[in-house]
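See structure below.
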Amino acid sequence: MQNKLICPVSEPEAYKWLKDSEDNFNRISSHLKPFGVKLVSMCDGDVFAGLNTVPSESDKKAISKQFHDIYNNIGPIIEMLTCLASADENNNALVMGDKLKQAELVLTANDNKHFESMLNQVSEITGATKKPNDQQVEALLERLRKHDIVILSNSAQKIYRVTGMISYINQIFEYITENLFDDFDEEAIELQQGLGL
């Protein structure tokens, strides 16, 4: 109801409760139905979300704005994710559940010139331009946390975990690359999302 994704990282108990029992899923679905909300499973069952099935005009505008924001911000998000992937010696992309230890990333930045260079490139996005590696890593992780891509799972040791939002972002990125827009057309996007029905 708060437009948040439920995944095993961000909301483990709620996710398990929905995933482990079809009765639980159906019960919540029936409770949400009178509010015009449908509980859906996305990203191959890795994520649950509430989908507004009876959007008002203000809902349509909000969704269109949200898509517009994602469309305009996907580049910087992908840059930040690519930067983090470069910290891994195999350049592996992040997946839900991955742990990111801030201290290890700082050590990697100090030892890996490619990762350090990528950090410097994204420092304009994160607001950490011309700062030391430790502050650039912290700014990068905090920016990803603000986008709900990671959560701070251990504040004492500064360990972050990647949430199901990463799967959602990957799907959005695939959609945008498959349906590349020359100009952003709000009406066309509403129709594509089924909001013009």
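In the structure tokens, the first chain shown is A, the next is B, and so on; residue numbers restart at 1 for each chain, and ligands run from 1 in the order shown.
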For Ile151 of chain A: contacts at 12 Å, only C-alpha atoms, fewer than 6 positions along chain excluded, given as an MDAnalysis selection string:
chainID A and resid 7:11 96:101 141:145 158:166
Counting only C-alpha atoms, give me one row per residue of segment 77-169 of chain A with an atom at most 10 Å from an atom of segment 62-73 of chain A, showing the shortest contact pair and its distance in Å to one decimal, sorted by chain then residue number, as a Markdown table.
| residue | atom | partner | partner_atom | distance |
| --- | --- | --- | --- | --- |
| A:Ile77 | CA | A:Asn73 | CA | 6.4 |
| A:Ile78 | CA | A:Asn73 | CA | 8.7 |
| A:Ile169 | CA | A:Ile70 | CA | 8.9 |
Okay, now the selection with N, CA and C atoms, as a CSV table (one decimal), in the first residue's frame?
chain,number,residue,atom,x,y,z
A,77,ILE,N,22.0,5.5,-12.5
A,77,ILE,CA,21.9,4.3,-11.6
A,77,ILE,C,22.7,3.2,-12.3
A,78,ILE,N,22.6,3.0,-13.6
A,78,ILE,CA,23.4,2.0,-14.3
A,78,ILE,C,24.9,2.3,-14.1
A,169,ILE,N,14.9,-2.9,-11.5
A,169,ILE,CA,15.7,-2.0,-12.3
A,169,ILE,C,16.2,-2.7,-13.6
Would you mind telling me which residue in A:Thr129, A:Leu81, A:Ser117, A:Asn90 lies nearest to Asn170 of chain A when using only C-alpha atoms?
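Ranked by minimum distance to Asn170 of chain A, first place goes to A:Leu81.
Residues lying within 10 Å of Asn112 of chain A, counting only C-alpha atoms and ignoring same-chain neighbours fewer than 5 positions away, are A:Ser86, A:Ala87, A:Asp88, A:Glu89, A:Leu105, A:Val106, A:Leu107, A:Ser117.
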Which residue, A:Gly50, A:Ala14, A:Gln157, A:Leu94, has the smallest gap to His31 of chain A when you use only C-alpha atoms?
A:Gly50
Mind checking which residues fall within 8 Å of Ile6 of chain A, counting only C-alpha atoms, ignoring those fewer than 6 positions away in the same chain, and posting them as a list in words?
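So the residues in contact are Pro12, Ala14, Tyr15, Val47, Phe48, Ala49 and Gly164 of chain A.
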With all heavy atoms kept, could you save the residues just selected as a PDB file, in the first residue's frame?
ATOM      1  N   PRO A  12      12.084  -9.528   4.751  1.00  0.00           N
ATOM      2  CA  PRO A  12      12.182 -10.993   4.709  1.00  0.00           C
ATOM      3  C   PRO A  12      10.974 -11.725   5.297  1.00  0.00           C
ATOM      4  O   PRO A  12      10.520 -12.728   4.737  1.00  0.00           O
ATOM      5  CB  PRO A  12      13.452 -11.305   5.491  1.00  0.00           C
ATOM      6  CG  PRO A  12      13.827 -10.070   6.208  1.00  0.00           C
ATOM      7  CD  PRO A  12      13.175  -8.925   5.505  1.00  0.00           C
ATOM      8  N   ALA A  14       7.756 -10.647   5.656  1.00  0.00           N
ATOM      9  CA  ALA A  14       6.578 -10.463   4.800  1.00  0.00           C
ATOM     10  C   ALA A  14       6.732 -11.265   3.509  1.00  0.00           C
ATOM     11  O   ALA A  14       5.778 -11.901   3.042  1.00  0.00           O
ATOM     12  CB  ALA A  14       6.371  -8.980   4.492  1.00  0.00           C
ATOM     13  N   TYR A  15       7.945 -11.251   2.935  1.00  0.00           N
ATOM     14  CA  TYR A  15       8.192 -12.004   1.707  1.00  0.00           C
ATOM     15  C   TYR A  15       7.966 -13.495   1.933  1.00  0.00           C
ATOM     16  O   TYR A  15       7.265 -14.153   1.170  1.00  0.00           O
ATOM     17  CB  TYR A  15       9.617 -11.752   1.205  1.00  0.00           C
ATOM     18  CG  TYR A  15       9.956 -12.585  -0.009  1.00  0.00           C
ATOM     19  CD1 TYR A  15       9.569 -12.171  -1.273  1.00  0.00           C
ATOM     20  CD2 TYR A  15      10.639 -13.788   0.119  1.00  0.00           C
ATOM     21  CE1 TYR A  15       9.852 -12.942  -2.391  1.00  0.00           C
ATOM     22  CE2 TYR A  15      10.932 -14.558  -0.986  1.00  0.00           C
ATOM     23  CZ  TYR A  15      10.536 -14.129  -2.239  1.00  0.00           C
ATOM     24  OH  TYR A  15      10.813 -14.897  -3.337  1.00  0.00           O
ATOM     25  N   VAL A  47      10.028 -10.748  -6.137  1.00  0.00           N
ATOM     26  CA  VAL A  47       9.495  -9.493  -5.608  1.00  0.00           C
ATOM     27  C   VAL A  47       7.975  -9.527  -5.635  1.00  0.00           C
ATOM     28  O   VAL A  47       7.375 -10.026  -6.582  1.00  0.00           O
ATOM     29  CB  VAL A  47       9.999  -8.297  -6.461  1.00  0.00           C
ATOM     30  CG1 VAL A  47       9.398  -6.992  -5.997  1.00  0.00           C
ATOM     31  CG2 VAL A  47      11.513  -8.218  -6.451  1.00  0.00           C
ATOM     32  N   PHE A  48       7.354  -8.983  -4.582  1.00  0.00           N
ATOM     33  CA  PHE A  48       5.910  -8.777  -4.555  1.00  0.00           C
ATOM     34  C   PHE A  48       5.652  -7.282  -4.512  1.00  0.00           C
ATOM     35  O   PHE A  48       6.434  -6.517  -3.935  1.00  0.00           O
ATOM     36  CB  PHE A  48       5.271  -9.421  -3.319  1.00  0.00           C
ATOM     37  CG  PHE A  48       5.302 -10.918  -3.332  1.00  0.00           C
ATOM     38  CD1 PHE A  48       6.213 -11.611  -2.562  1.00  0.00           C
ATOM     39  CD2 PHE A  48       4.406 -11.640  -4.102  1.00  0.00           C
ATOM     40  CE1 PHE A  48       6.245 -13.000  -2.557  1.00  0.00           C
ATOM     41  CE2 PHE A  48       4.427 -13.026  -4.113  1.00  0.00           C
ATOM     42  CZ  PHE A  48       5.344 -13.708  -3.334  1.00  0.00           C
ATOM     43  N   ALA A  49       4.524  -6.869  -5.116  1.00  0.00           N
ATOM     44  CA  ALA A  49       4.152  -5.455  -5.089  1.00  0.00           C
ATOM     45  C   ALA A  49       2.642  -5.338  -5.232  1.00  0.00           C
ATOM     46  O   ALA A  49       1.977  -6.250  -5.726  1.00  0.00           O
ATOM     47  CB  ALA A  49       4.843  -4.699  -6.210  1.00  0.00           C
ATOM     48  N   GLY A 164      15.641  -6.612  -3.836  1.00  0.00           N
ATOM     49  CA  GLY A 164      14.956  -7.031  -5.058  1.00  0.00           C
ATOM     50  C   GLY A 164      14.756  -5.892  -6.044  1.00  0.00           C
ATOM     51  O   GLY A 164      14.401  -6.130  -7.207  1.00  0.00           O
TER      52      GLY A 164
END
From the DSSP assignment of the backbone, select every residue of chain A that is strand (DSSP E or B), and format the answer as a list in words.
Ile6, Val37, Lys38, Leu39, Val40, Ser41, Met42, Val47, Phe48, Ala49, Gly50, Leu51, Asn52, Lys99, Leu100, Lys101, Val150, Ile151, Leu152, Ser153, Asn154, Ile159, Tyr160, Arg161 and Val162 of chain A
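Atom pair atom CA of Ala139 of chain A / atom CA of Pro76 of chain A has a distance of 13.7 Å (rounded to one decimal).
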DSSP helix (DSSP H, G or I) residues within segment 50-163 of chain A, as a PyMOL selection string
chain A and resi 57-87+102-111+113-126+133-146
Can you tell me how far atom CA of Leu84 of chain A sits from atom CA of Pro132 of chain A, in Å to one decimal?
16.5 Å
What gap, in Å, lies between atom CA of Cys83 of chain A and atom CA of Ile176 of chain A?
20.5 Å
Nearest residue to Asp148 of chain A out of A:Ser167, A:Phe25, A:Glu104, A:Gly75, using only C-alpha atoms?
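Under the stated criterion, the closest residue is A:Ser167.
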